[in-house]
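> This structure is in structure tokens; I'll ask about it shortly.
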Amino acid sequence: MDDRQPRTILATDVGSTTTKALLIEKQGEEYRLSFRGEMPTTVEAPWENVMVGVRKAIRRLEELSGRRFLTPEGVLLRPRRGDDGVDYYVSTSSAGGGLQMMVAGLVSTVSASSANRAALGAGAVVLDVIAVDDGRATSEQITRITELRPDIILMSGGVDGGSVTHLAAIAETIVQASPQPRFGATYKLPLVYAGNRDAADLVEAVAGEVMDVHAVENLRPRHDLENLGPARETIHDLFMNHVMAQAPGYGELMGWVDVTIMPTPGAVGRIIMVMAERYRANIIGVDIGGATTDVFSDFGGTFTRTVSANLGMSYSICNVLEEAGFENIRRWVPFEVDQRTLSDWVASKMVRPTTLPQTLDNLMLEQALAREALRLSFEHHRSLARKVEKEEIVAGWRSQQKIFRSVGEEVIDLKRLGMLVGSGGALSHAPRRAQAALMLLDSFQPEGVTQLAVDSIFMMPHLGVLSSTHPDIAAQVFDLDCLVRLGTCIAPAGRGRDGQPAVTVRLHPAGGKVEDTRVAFGELVRLPLAVGQTARAEILPAGGFDVGAGRGRPVTAEVEGGLVGVIVDARGRPLELPADDRKRRAKLLAWMEQLDAYPPEALRGLKGG
């Protein structure tokens, strides 16, 4: 580490409900998390100033550490003086709902789709996507833009050198809506134009009087090329330096930080990209919250982020029940439950979002809903995580202009997934780590050899913004303090009959005894391998099963231990549960017992029932 690097780093995340403060310090040759404090976020009445919550969270760090980081007047002590004060301060934010955007484009499946990915990659929640071919009348689109009041509108469409007529029509639709900013009534709402460069002056002429127009490089300069970077960077800069500068207290916060404030989801995405490069591995990360579930992936250098805006575990839990359906949720519950009981419990959770399960039955119901929220969010993510390779004409349209559809290949291949990281209360704070592992396995169904981990205390946003200036420090803390390593999953893809041989795993732990474990189809087996331990695994799948090299072909891999160990998941891919209720419940209880996911006496009680 460079001696000029900071010794003491303060990082805050101003969330929609909670402001979390971390103190990261150099301890010997390593940077480690020292203390963590949190307080309610204060962006709304009666405080209407985010700095109230920021100062309270930092004061909490002072109480825990016995040191001073603020003056009596509430000013950050910097530079550090002895043990008091800090050398460096960074922050992320999703307060006030975070970055909220609308996207407009010519064609839903092409330019609007690229703009949607650009906005999501910048850390935005996309409120709606407007396109000429979306089936809505212009008056409906105008009403929608007016009602939603986005922070920024991203407009795209057309390849460079193409027609400009329809782009002018979209700009006029946006101007007629006259969207008003959420924060501050005295500035123009930003419009980022990332379409056909020949139309940039026209868009400025149409919208420039009522909106703050910023023209950037075209998202789709050619039908076979996607260029998201310039739009993402401009969105990020506008949000933090113009939009959030209008929010109560943000001006002062921006004066405190040493690097530009990042939207919380954008910072999480950044640390995923940093660690994918460091580990030289494909990574999927998921954050399941109260209102939304965000999924991030970095596969072969292709980064994708998606937001399932109505799938969460408190405010949006009714949407999980509605979208997944009763039967899909019930299939994960190892006891009898009827639709009315489940609906009543879900409604109670939505009305009282901060309550925690008080019984084992309630915990299992909540975790069943979490599985479906994760599954649906990942399905949504996979559908959007695609490489743009070529375009295909699918229809004529109005003035004989041709419509193109992206037919690029899917990016995500679960057999090449190196690490799956879970975050959010349902995963990070599950009473037993094996429960988190089981939820990740059931919802994502990784194949081959995959490391499983959870974010210990939701540190990824803090480390993401820190990685923009000090990637080595962020990576070290991520590895040592952020990740809770659950272990490694070995999962052969394929289907078989219960009891049929599926896979044999021979573990060669360093300095330990070599053992062969034969696992039959339908079984879930846990092999002991502690945190920090590694082993060479020789994996021999049966003829109909594939662990990454082809059906029946052996694989040798280095596996890492964890709090759960090495999990051999021979339940098949895709995972299917028995149709018979009695057999299904017996299977679920057997898997829970094999992973020691719940107290044995509790599972015995359910078996007896």
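Convention: chains lettered A, B, ... in structure tokens order; per-chain residue numbering from 1; ligands numbered from 1 as shown.
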Which residues, written as number ranges by chain, have at least one atom at most 8 Å from range 11-16 of chain A, with only C-alpha atoms counted and residues fewer than 4 positions away on the same chain left out?
A: 20-24, 41, 50, 54, 89-98, 264, 461-462, 466
> Let's see if you can do this: from backbone DSSP, list all strand (DSSP E or B) residues in range 429-495 of chain A, as a list in words.
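Filtering range 429-495 of chain A down to strand (DSSP E or B) leaves Gly448, Val449, Thr450, Gln451, Leu452, Ala453, Val454, Asp455, Leu483, Val484, Arg485, Leu486, Gly487, Thr488, Cys489, Ile490, Ala491, Ala493 and Gly494 of chain A.
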> Give me the residues within 7 Å of Arg78 in chain A as a PyMOL selection string, counting only C-alpha atoms and dropping any in the same chain fewer than 3 places off.
chain A and resi 85-87
> Name the residues of range 251-396 of chain A that come out as alpha helix (DSSP H) in a backbone DSSP run; write them as a ChimeraX atom specification.
/A:251-256,264-279,317-324,326-330,339-351,360-384
> Find the residues around Pro554 in chain A up to 8 Å (only C-alpha atoms counted), leave out those fewer than 4 positions away in its own chain, and share them as number ranges by chain.
A: 538-541, 547, 549
> Using only C-alpha atoms, I'd like a table of the residues in range 149-200 of chain A that come within 9 Å of range 230-239 of chain A; for each, show the closest atom pair and its distance in Å rounded to one decimal, ordered by chain and ascending number, as CSV.

residue,atom,partner,partner_atom,distance
A:Asp151,CA,A:Phe239,CA,7.5
A:Ile152,CA,A:Phe239,CA,7.6
A:Leu154,CA,A:Ala231,CA,8.3
A:Pro190,CA,A:Leu238,CA,7.4
A:Val192,CA,A:Ile235,CA,7.4
A:Tyr193,CA,A:Ala231,CA,8.3
A:Ala194,CA,A:Ala231,CA,6.6
> Write a file of the selected residues as a CSV table (one decimal), in the first residue's frame, keeping N, CA and C atoms.

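File written: part-v2.csv
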chain,number,residue,atom,x,y,z
A,151,ASP,N,-36.4,12.7,-12.4
A,151,ASP,CA,-35.3,13.6,-12.1
A,151,ASP,C,-34.6,14.0,-13.4
A,152,ILE,N,-34.5,13.0,-14.3
A,152,ILE,CA,-33.8,13.2,-15.6
A,152,ILE,C,-34.6,12.4,-16.7
A,154,LEU,N,-33.9,10.6,-20.4
A,154,LEU,CA,-32.9,10.1,-21.4
A,154,LEU,C,-33.6,9.8,-22.7
A,190,PRO,N,-33.2,18.2,-16.5
A,190,PRO,CA,-32.2,17.8,-17.5
A,190,PRO,C,-32.8,16.8,-18.5
A,192,VAL,N,-31.1,14.4,-21.4
A,192,VAL,CA,-29.9,13.8,-22.0
A,192,VAL,C,-30.3,13.2,-23.3
A,193,TYR,N,-29.8,13.8,-24.4
A,193,TYR,CA,-30.1,13.3,-25.7
A,193,TYR,C,-28.9,12.5,-26.2
A,194,ALA,N,-29.2,11.2,-26.5
A,194,ALA,CA,-28.1,10.2,-26.9
A,194,ALA,C,-28.6,9.5,-28.1
> Rounded to one decimal place, report the CA of Gly105 in chain A-CA of Leu219 in chain A distance in Å.
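Going from CA of Gly105 in chain A over to CA of Leu219 in chain A, I get 10.6 Å.
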> For Val103 in chain A, find every residue with an atom within 10 Å (counting only C-alpha atoms), except residues of its own chain fewer than 6 positions away, and show them as a ChimeraX atom specification.
/A:111-119,126-131,145,150,152-156,191-192
> Of the candidates A:Ser308, A:Thr42, A:Ser108, A:Ser178, which one gets nearest to Ile142 in chain A if we count only C-alpha atoms?
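Of the candidates, the smallest distance to Ile142 in chain A is held by A:Ser178.
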> What separation in Å, quoted to one decimal, exists between CA of Val206 in chain A and CA of Ala169 in chain A?
9.3 Å
